>>> print(open('upload_15.cif').read())   # mmCIF, C-alpha atoms and all ligand atoms
data_input
#
loop_
_atom_site.label_atom_id
_atom_site.label_comp_id
_atom_site.auth_asym_id
_atom_site.auth_seq_id
_atom_site.Cartn_x
_atom_site.Cartn_y
_atom_site.Cartn_z
CA MET A 299 -12.63 2.37 62.63
CA ALA A 300 -15.55 4.20 60.97
CA GLY A 301 -17.57 1.99 58.65
CA ALA A 302 -15.39 -1.06 59.31
CA ILE A 303 -16.80 -4.58 59.27
CA ARG A 304 -15.53 -6.92 61.95
CA VAL A 305 -15.72 -10.65 61.45
CA SER A 306 -15.08 -12.94 64.39
CA VAL A 307 -15.68 -16.66 63.96
CA GLU A 308 -14.60 -18.30 67.21
CA ASP A 309 -15.81 -21.74 66.18
CA LYS A 310 -17.79 -23.17 63.29
CA ARG A 311 -18.79 -26.84 63.17
CA PHE A 312 -21.42 -28.54 61.07
CA PRO A 313 -24.04 -30.63 62.85
CA GLY A 314 -23.13 -34.29 63.03
CA THR A 315 -19.39 -33.66 62.76
CA GLY A 316 -17.29 -33.01 65.85
CA LYS A 317 -14.67 -31.14 63.85
CA SER A 318 -14.17 -27.36 63.77
CA VAL A 319 -14.14 -26.06 60.19
CA ILE A 320 -13.19 -22.51 61.24
CA LYS A 321 -11.58 -21.61 64.56
CA GLY A 322 -10.39 -18.28 66.00
CA LEU A 323 -10.74 -16.36 62.74
CA ASN A 324 -10.74 -12.56 63.06
CA LEU A 325 -10.86 -10.20 60.10
CA THR A 326 -11.48 -6.45 59.86
CA LEU A 327 -12.62 -4.99 56.54
CA LYS A 328 -12.18 -1.27 56.03
CA GLU A 329 -14.94 0.54 54.17
CA GLY A 330 -14.18 0.49 50.45
CA GLU A 331 -11.43 -2.09 50.80
CA PHE A 332 -11.00 -4.96 48.34
CA THR A 333 -9.87 -8.07 50.22
CA ALA A 334 -9.05 -11.29 48.39
CA ILE A 335 -9.07 -14.55 50.35
CA ILE A 336 -6.92 -17.45 49.24
CA GLY A 337 -6.72 -20.81 51.00
CA PRO A 338 -6.30 -24.52 50.47
CA SER A 339 -9.11 -26.42 48.81
CA GLY A 340 -11.91 -27.39 51.22
CA THR A 341 -10.58 -25.20 54.03
CA GLY A 342 -13.76 -23.22 54.69
CA LYS A 343 -13.76 -20.26 52.32
CA THR A 344 -17.35 -20.77 51.17
CA THR A 345 -18.40 -21.47 54.76
CA LEU A 346 -16.84 -18.15 55.82
CA LEU A 347 -18.60 -16.20 53.04
CA ARG A 348 -21.94 -17.81 53.92
CA ILE A 349 -21.46 -16.78 57.55
CA MET A 350 -20.58 -13.21 56.49
CA ALA A 351 -23.65 -13.12 54.22
CA GLY A 352 -25.93 -14.15 57.10
CA LEU A 353 -26.87 -17.36 55.25
CA ASP A 354 -25.40 -19.48 58.04
CA ARG A 355 -26.02 -18.27 61.58
CA ARG A 356 -24.97 -21.44 63.35
CA PHE A 357 -21.50 -20.47 64.53
CA GLY A 358 -19.79 -19.10 67.63
CA GLY A 359 -18.73 -15.49 67.17
CA ASN A 360 -20.19 -12.36 65.60
CA ILE A 361 -20.13 -10.08 62.59
CA THR A 362 -20.57 -6.34 63.10
CA GLY A 363 -20.83 -3.36 60.76
CA VAL A 364 -22.67 -5.06 57.89
CA ASP A 365 -25.86 -3.53 56.52
CA SER A 366 -26.55 -4.45 52.90
CA ILE A 367 -24.92 -7.38 51.13
CA GLY A 368 -24.66 -8.61 47.55
CA MET A 369 -23.40 -12.11 46.86
CA VAL A 370 -21.92 -13.57 43.69
CA PHE A 371 -21.63 -17.36 43.67
CA GLN A 372 -19.32 -19.72 41.76
CA GLU A 373 -22.13 -20.52 39.33
CA PRO A 374 -24.34 -17.74 37.90
CA ARG A 375 -27.56 -19.43 39.15
CA LEU A 376 -29.85 -17.64 36.68
CA MET A 377 -33.44 -18.85 36.34
CA PRO A 378 -33.67 -20.39 32.85
CA TRP A 379 -37.36 -19.53 32.43
CA LEU A 380 -36.86 -15.80 33.05
CA ASN A 381 -35.22 -13.34 30.69
CA VAL A 382 -32.09 -11.50 31.81
CA LEU A 383 -33.90 -8.37 33.01
CA ASP A 384 -36.44 -10.39 35.02
CA ASN A 385 -33.61 -12.44 36.55
CA ILE A 386 -32.01 -9.24 37.79
CA CYS A 387 -35.27 -7.75 39.08
CA LEU A 388 -36.25 -10.98 40.84
CA VAL A 389 -34.17 -10.17 43.94
CA ALA A 390 -35.91 -6.80 44.50
CA ASP A 391 -38.76 -6.56 47.00
CA ASP A 392 -41.28 -5.74 44.28
CA PRO A 393 -39.80 -7.00 40.98
CA SER A 394 -42.55 -5.79 38.63
CA THR A 395 -42.52 -2.07 39.45
CA ASP A 396 -41.30 0.45 36.85
CA ASP A 397 -38.62 1.73 39.25
CA VAL A 398 -37.14 -1.73 39.73
CA LYS A 399 -37.23 -2.41 35.98
CA ALA A 400 -35.49 0.92 35.31
CA ARG A 401 -32.82 0.09 37.89
CA GLY A 402 -32.42 -3.39 36.38
CA ARG A 403 -31.91 -1.87 32.91
CA ALA A 404 -29.35 0.62 34.24
CA LEU A 405 -27.40 -2.16 35.98
CA LEU A 406 -27.43 -4.34 32.88
CA GLU A 407 -26.08 -1.39 30.89
CA GLN A 408 -23.32 -0.95 33.47
CA VAL A 409 -22.22 -4.58 33.09
CA GLY A 410 -22.32 -4.43 29.28
CA LEU A 411 -25.56 -6.35 28.70
CA ALA A 412 -27.69 -3.52 27.28
CA ASP A 413 -28.55 -5.58 24.18
CA TRP A 414 -29.34 -8.78 26.07
CA MET A 415 -32.07 -7.75 28.52
CA SER A 416 -34.82 -9.72 26.76
CA ALA A 417 -32.63 -12.77 26.06
CA TYR A 418 -32.91 -15.97 28.09
CA PRO A 419 -29.86 -17.22 30.03
CA HIS A 420 -29.15 -20.16 27.68
CA ALA A 421 -28.43 -17.67 24.86
CA LEU A 422 -25.66 -15.97 26.88
CA SER A 423 -21.99 -16.96 26.96
CA GLY A 424 -20.45 -17.98 30.31
CA GLY A 425 -18.92 -14.52 30.72
CA MET A 426 -22.24 -12.80 29.97
CA GLN A 427 -24.02 -15.00 32.51
CA ARG A 428 -21.45 -13.94 35.12
CA ARG A 429 -22.11 -10.30 34.21
CA ALA A 430 -25.82 -10.85 34.73
CA ALA A 431 -25.12 -12.49 38.11
CA LEU A 432 -23.01 -9.47 39.04
CA ALA A 433 -25.83 -7.07 38.08
CA ARG A 434 -28.24 -9.13 40.19
CA ALA A 435 -25.91 -8.87 43.20
CA LEU A 436 -25.87 -5.07 42.77
CA MET A 437 -29.66 -4.80 42.55
CA PRO A 438 -30.32 -4.32 46.30
CA GLY A 439 -27.72 -1.50 46.44
CA PRO A 440 -25.22 -3.36 48.65
CA ARG A 441 -22.25 -1.76 50.38
CA LEU A 442 -20.56 -5.13 50.97
CA ILE A 443 -20.12 -7.56 48.08
CA LEU A 444 -19.09 -11.15 48.70
CA MET A 445 -17.74 -13.07 45.72
CA ASP A 446 -17.05 -16.81 45.79
CA GLU A 447 -14.74 -17.67 42.87
CA PRO A 448 -17.00 -15.82 40.40
CA LEU A 449 -14.70 -16.44 37.41
CA VAL A 450 -14.30 -20.20 37.75
CA SER A 451 -14.39 -22.06 34.41
CA LEU A 452 -14.26 -18.91 32.24
CA ASP A 453 -11.66 -18.72 29.48
CA LYS A 454 -8.76 -16.31 29.98
CA GLY A 455 -10.18 -13.52 27.81
CA ALA A 456 -13.62 -13.54 29.45
CA ALA A 457 -12.04 -13.70 32.92
CA LYS A 458 -9.83 -10.70 32.13
CA GLU A 459 -12.83 -8.65 30.96
CA LEU A 460 -14.69 -9.52 34.16
CA VAL A 461 -11.67 -8.52 36.27
CA GLU A 462 -11.69 -5.13 34.52
CA LEU A 463 -15.44 -4.75 35.03
CA ILE A 464 -15.36 -5.70 38.73
CA THR A 465 -12.44 -3.33 39.34
CA ALA A 466 -14.20 -0.46 37.54
CA LEU A 467 -17.49 -0.99 39.43
CA TRP A 468 -15.63 -1.18 42.74
CA GLN A 469 -13.70 2.02 42.06
CA GLU A 470 -16.80 3.92 40.92
CA ASN A 471 -18.96 2.84 43.86
CA ASN A 472 -16.50 2.32 46.72
CA TYR A 473 -17.94 -1.08 47.62
CA THR A 474 -16.29 -3.15 50.32
CA ILE A 475 -15.44 -6.41 48.55
CA VAL A 476 -14.43 -9.85 49.80
CA TYR A 477 -13.31 -11.99 46.90
CA VAL A 478 -12.50 -15.69 47.30
CA THR A 479 -10.23 -17.20 44.66
CA HIS A 480 -7.61 -19.90 44.33
CA LEU A 481 -5.77 -17.90 41.65
CA VAL A 482 -3.01 -15.66 42.97
CA ASP A 483 -2.88 -13.58 39.77
CA GLU A 484 -6.61 -12.86 39.93
CA ALA A 485 -6.22 -11.65 43.51
CA ILE A 486 -3.21 -9.46 42.65
CA ALA A 487 -5.06 -7.96 39.67
CA MET A 488 -7.77 -6.49 41.90
CA ALA A 489 -7.18 -6.59 45.65
CA ASP A 490 -5.83 -4.04 48.13
CA ARG A 491 -4.72 -6.96 50.24
CA ILE A 492 -4.67 -10.73 50.09
CA VAL A 493 -5.53 -12.75 53.18
CA PHE A 494 -4.33 -16.34 53.43
CA LEU A 495 -6.36 -18.95 55.24
CA SER A 496 -4.68 -21.82 57.04
CA GLY A 497 -5.61 -25.46 56.54
CA SER A 498 -8.24 -27.08 58.73
CA PRO A 499 -9.51 -25.63 61.00
CA ALA A 500 -9.34 -22.40 59.03
CA SER A 501 -7.97 -19.23 60.59
CA ILE A 502 -5.96 -16.32 59.19
CA ALA A 503 -2.45 -17.54 58.35
CA GLY A 504 -1.17 -14.21 57.03
CA GLU A 505 -1.81 -11.31 54.71
CA VAL A 506 -0.02 -9.15 52.21
CA THR A 507 -0.97 -5.72 50.85
CA ILE A 508 -0.81 -4.95 47.12
CA PRO A 509 0.10 -1.27 46.84
CA LEU A 510 -0.30 -1.00 43.05
CA PRO A 511 -2.48 1.57 41.26
CA HIS A 512 -5.26 0.46 38.88
CA PRO A 513 -5.52 -0.65 36.16
CA ARG A 514 -2.89 -3.33 36.79
CA THR A 515 -1.13 -4.82 33.80
CA ASP A 516 0.18 -8.39 33.42
CA LYS A 517 3.64 -6.91 33.97
CA ASP A 518 2.55 -5.30 37.29
CA ILE A 519 1.09 -8.61 38.40
CA ALA A 520 4.23 -10.56 37.48
CA ARG A 521 6.35 -8.04 39.42
CA VAL A 522 4.63 -8.71 42.76
CA ARG A 523 3.75 -12.38 42.28
CA GLU A 524 6.96 -13.64 43.86
CA THR A 525 6.45 -11.51 46.99
CA VAL A 526 2.87 -12.70 47.35
CA VAL A 527 3.76 -16.37 46.88
CA ALA A 528 6.62 -16.04 49.39
CA ALA A 529 4.20 -14.55 51.93
CA MET A 530 1.88 -17.54 51.46
CA LEU A 531 4.55 -20.07 52.39
N1 LIG A 601 -23.29 -28.55 55.00
C1 LIG A 601 -22.14 -29.15 55.41
N2 LIG A 601 -22.16 -30.19 56.26
C2 LIG A 601 -21.02 -30.79 56.69
N3 LIG A 601 -19.78 -30.37 56.32
C3 LIG A 601 -19.70 -29.34 55.46
C4 LIG A 601 -20.87 -28.66 54.95
N4 LIG A 601 -20.48 -27.66 54.13
C5 LIG A 601 -19.12 -27.71 54.11
N5 LIG A 601 -18.67 -28.71 54.90
C6 LIG A 601 -17.24 -29.04 55.15
O1 LIG A 601 -16.58 -27.88 55.61
C7 LIG A 601 -15.27 -27.78 55.05
C8 LIG A 601 -15.11 -26.46 54.33
O2 LIG A 601 -15.94 -26.42 53.17
P1 LIG A 601 -16.02 -25.14 52.22
O3 LIG A 601 -16.91 -25.47 51.08
O4 LIG A 601 -16.34 -23.96 53.06
O5 LIG A 601 -14.49 -25.04 51.74
P2 LIG A 601 -13.86 -24.16 50.56
O6 LIG A 601 -12.56 -23.64 51.09
O7 LIG A 601 -14.84 -23.16 50.08
O8 LIG A 601 -13.62 -25.27 49.45
P3 LIG A 601 -13.21 -25.13 47.89
O9 LIG A 601 -11.80 -24.59 47.86
O10 LIG A 601 -13.28 -26.55 47.42
O11 LIG A 601 -14.23 -24.22 47.25
C9 LIG A 601 -15.12 -29.00 54.14
O12 LIG A 601 -14.42 -30.00 54.85
C10 LIG A 601 -16.53 -29.43 53.86
O13 LIG A 601 -16.61 -30.82 53.66
#
>>> encode(input="upload_15.cif", output="structure tokens")
Amino acid sequence: MAGAIRVSVEDKRFPGTGKSVIKGLNLTLKEGEFTAIIGPSGTGKTTLLRIMAGLDRRFGGNITGVDSIGMVFQEPRLMPWLNVLDNICLVADDPSTDDVKARGRALLEQVGLADWMSAYPHALSGGMQRRAALARALMPGPRLILMDEPLVSLDKGAAKELVELITALWQENNYTIVYVTHLVDEAIAMADRIVFLSGSPASIAGEVTIPLPHPRTDKDIARVRETVVAAML
């Protein structure tokens, strides 16, 4: 498959524990596909994303087809002593160049933070901090974006705005996205398909495709929720 990413985790254990956290997990991501991953708490979702991001190389198996990656974590992880623009530019090879600054400004405009570039993170709402973290993930020009519950602890309104923003950015740029969440509705709102992880050791327990056009309304989501939940059981 042209441009596909293949993830094979034959066995992942952490040092000092004899137990496999992930075993026999195989996943193919088509270019431009939005895959949501849902699984029981503590089953290995973050471990899987870290392996895909190249942050954890101590596992049996291999990942092929990945070139550039952006990662969005559960917490925004902004540096409190840097303003928003400098936080975004920080991940570039040479953060202080005019080109990088211009790109940082353009990204902040795209995520709706045009008026907040000189502000410090503490002045931003939770939703705005998540937007900044999203802009930072886009800074290196990734083709694959890995998101680990990026909307956790946001109120409903802010989460909905972020869902709309992520969907719009994905559609404009054809990113390949892997999005971990424990919320079925959040997955249905955005994903082409939802992959279910089994309990420990984690492997793929099943998947369901969501053949709905975007934007997806609450009504659309409610219509397919039952099918998705049934597929999870
Ligand atoms: N550095 C580590 N050393 C030892 N065990 C670890 C380490 N990191 C994670 N684990 C274990 O691996 C398992 C999977 O953890 P992970 O954080 O990947 O799960 P998760 O599905 O992302 O959890 P949650 O739903 O709570 O976010 C857990 O049992 C956890 O205790």
>>> closest_residue(input="upload_15.cif", among="A:Ala500, A:Met488, A:Ile367, A:Met437", to="Cys387 of chain A", atoms="only C-alpha atoms")
A:Met437
>>> closest_residue(input="upload_15.cif", among="A:Val450, A:Ile492, A:Ala520, A:Leu411", to="ligand LIG 601 (chain A)", atoms="only C-alpha atoms and all ligand atoms")
A:Val450
>>> closest_atom_pairs(input="upload_15.cif", of="chain A", to="ligand LIG 601 (chain A)", cutoff="12 Å", atoms="only C-alpha atoms and all ligand atoms", output="Markdown table")
| residue | atom | partner | partner_atom | distance |
| --- | --- | --- | --- | --- |
| A:Lys310 | CA | A:LIG601 | O1 | 9.1 |
| A:Arg311 | CA | A:LIG601 | N3 | 7.8 |
| A:Phe312 | CA | A:LIG601 | C2 | 4.9 |
| A:Pro313 | CA | A:LIG601 | C2 | 6.9 |
| A:Gly314 | CA | A:LIG601 | C2 | 7.5 |
| A:Thr315 | CA | A:LIG601 | C2 | 6.9 |
| A:Gly316 | CA | A:LIG601 | C2 | 10.1 |
| A:Lys317 | CA | A:LIG601 | O1 | 9.1 |
| A:Ser318 | CA | A:LIG601 | O1 | 8.5 |
| A:Val319 | CA | A:LIG601 | O1 | 5.5 |
| A:Ile320 | CA | A:LIG601 | C8 | 8.2 |
| A:Lys321 | CA | A:LIG601 | C8 | 11.9 |
| A:Ile335 | CA | A:LIG601 | O6 | 9.8 |
| A:Ile336 | CA | A:LIG601 | O6 | 8.6 |
| A:Gly337 | CA | A:LIG601 | O6 | 6.5 |
| A:Pro338 | CA | A:LIG601 | O9 | 6.1 |
| A:Ser339 | CA | A:LIG601 | O9 | 3.4 |
| A:Gly340 | CA | A:LIG601 | O8 | 3.2 |
| A:Thr341 | CA | A:LIG601 | O6 | 3.9 |
| A:Gly342 | CA | A:LIG601 | O4 | 3.1 |
| A:Lys343 | CA | A:LIG601 | O6 | 3.8 |
| A:Thr344 | CA | A:LIG601 | O7 | 3.6 |
| A:Thr345 | CA | A:LIG601 | O4 | 3.7 |
| A:Leu346 | CA | A:LIG601 | O4 | 6.5 |
| A:Leu347 | CA | A:LIG601 | O4 | 8.1 |
| A:Arg348 | CA | A:LIG601 | O4 | 8.4 |
| A:Ile349 | CA | A:LIG601 | O4 | 9.9 |
| A:Leu353 | CA | A:LIG601 | N1 | 11.8 |
| A:Asp354 | CA | A:LIG601 | N1 | 9.8 |
| A:Arg356 | CA | A:LIG601 | N1 | 11.1 |
| A:Phe371 | CA | A:LIG601 | O11 | 10.7 |
| A:Gln372 | CA | A:LIG601 | O11 | 8.7 |
| A:Glu373 | CA | A:LIG601 | O11 | 11.8 |
| A:Met445 | CA | A:LIG601 | O7 | 11.4 |
| A:Asp446 | CA | A:LIG601 | O7 | 8.0 |
| A:Glu447 | CA | A:LIG601 | O11 | 7.9 |
| A:Pro448 | CA | A:LIG601 | O11 | 11.2 |
| A:Val450 | CA | A:LIG601 | O11 | 10.3 |
| A:Tyr477 | CA | A:LIG601 | O7 | 11.7 |
| A:Val478 | CA | A:LIG601 | O7 | 8.3 |
| A:Thr479 | CA | A:LIG601 | O9 | 8.2 |
| A:His480 | CA | A:LIG601 | O9 | 7.2 |
| A:Leu481 | CA | A:LIG601 | O9 | 10.9 |
| A:Phe494 | CA | A:LIG601 | O6 | 11.2 |
| A:Leu495 | CA | A:LIG601 | O6 | 8.8 |
| A:Ser496 | CA | A:LIG601 | O6 | 10.0 |
| A:Gly497 | CA | A:LIG601 | O6 | 9.0 |
| A:Ser498 | CA | A:LIG601 | O12 | 7.9 |
| A:Pro499 | CA | A:LIG601 | C7 | 8.6 |
| A:Ala500 | CA | A:LIG601 | C8 | 8.5 |
| A:Ser501 | CA | A:LIG601 | O6 | 11.4 |
>>> residues_around(input="upload_15.cif", residues="Ala430 of chain A", least_positions_apart="3", cutoff="10 Å", atoms="only C-alpha atoms", output="list in words")
Pro374, Arg375, Leu376, Val382, Leu383, Asn385, Ile386, Leu405, Leu406, Val409, Gly410, Leu411, Trp414, Met415, Pro419, Leu422, Gly424, Gly425, Met426, Gln427, Ala433, Arg434, Ala435 and Leu436 of chain A
>>> write_last_selection(input="upload_15.cif", atoms="C-alpha atoms", output="PDB file, keeping the file's coordinate frame")
ATOM      1  CA  PRO A 374     -24.340 -17.740  37.900  1.00  0.00           C
ATOM      2  CA  ARG A 375     -27.560 -19.430  39.150  1.00  0.00           C
ATOM      3  CA  LEU A 376     -29.850 -17.640  36.680  1.00  0.00           C
ATOM      4  CA  VAL A 382     -32.090 -11.500  31.810  1.00  0.00           C
ATOM      5  CA  LEU A 383     -33.900  -8.370  33.010  1.00  0.00           C
ATOM      6  CA  ASN A 385     -33.610 -12.440  36.550  1.00  0.00           C
ATOM      7  CA  ILE A 386     -32.010  -9.240  37.790  1.00  0.00           C
ATOM      8  CA  LEU A 405     -27.400  -2.160  35.980  1.00  0.00           C
ATOM      9  CA  LEU A 406     -27.430  -4.340  32.880  1.00  0.00           C
ATOM     10  CA  VAL A 409     -22.220  -4.580  33.090  1.00  0.00           C
ATOM     11  CA  GLY A 410     -22.320  -4.430  29.280  1.00  0.00           C
ATOM     12  CA  LEU A 411     -25.560  -6.350  28.700  1.00  0.00           C
ATOM     13  CA  TRP A 414     -29.340  -8.780  26.070  1.00  0.00           C
ATOM     14  CA  MET A 415     -32.070  -7.750  28.520  1.00  0.00           C
ATOM     15  CA  PRO A 419     -29.860 -17.220  30.030  1.00  0.00           C
ATOM     16  CA  LEU A 422     -25.660 -15.970  26.880  1.00  0.00           C
ATOM     17  CA  GLY A 424     -20.450 -17.980  30.310  1.00  0.00           C
ATOM     18  CA  GLY A 425     -18.920 -14.520  30.720  1.00  0.00           C
ATOM     19  CA  MET A 426     -22.240 -12.800  29.970  1.00  0.00           C
ATOM     20  CA  GLN A 427     -24.020 -15.000  32.510  1.00  0.00           C
ATOM     21  CA  ALA A 433     -25.830  -7.070  38.080  1.00  0.00           C
ATOM     22  CA  ARG A 434     -28.240  -9.130  40.190  1.00  0.00           C
ATOM     23  CA  ALA A 435     -25.910  -8.870  43.200  1.00  0.00           C
ATOM     24  CA  LEU A 436     -25.870  -5.070  42.770  1.00  0.00           C
TER      25      LEU A 436
END
>>> residues_around(input="upload_15.cif", residues="Arg521 of chain A", least_positions_apart="6", cutoff="12 Å", atoms="all atoms listed in the file", output="PyMOL selection string")
chain A and resi 483+486-487+508-510+514-515+527
>>> residues_near_point(input="upload_15.cif", point="(-4.5, -11.4, 53.4)", cutoff="6 Å", atoms="all atoms listed in the file", output="list in words")
Arg491, Ile492, Val493, Phe494, Gly504, Glu505 and Val506 of chain A
>>> residues_near_point(input="upload_15.cif", point="(-29.0, -14.4, 48.6)", cutoff="8 Å", atoms="only C-alpha atoms", output="ChimeraX atom specification")
/A:351,353,368-369
>>> atom_distance(input="upload_15.cif", atom1="atom CA of Leu463 of chain A", atom2="atom CA of Gln408 of chain A")
8.9 Å
>>> atom_distance(input="upload_15.cif", atom1="atom CA of Thr474 of chain A", atom2="atom CA of Asp490 of chain A")
10.7 Å
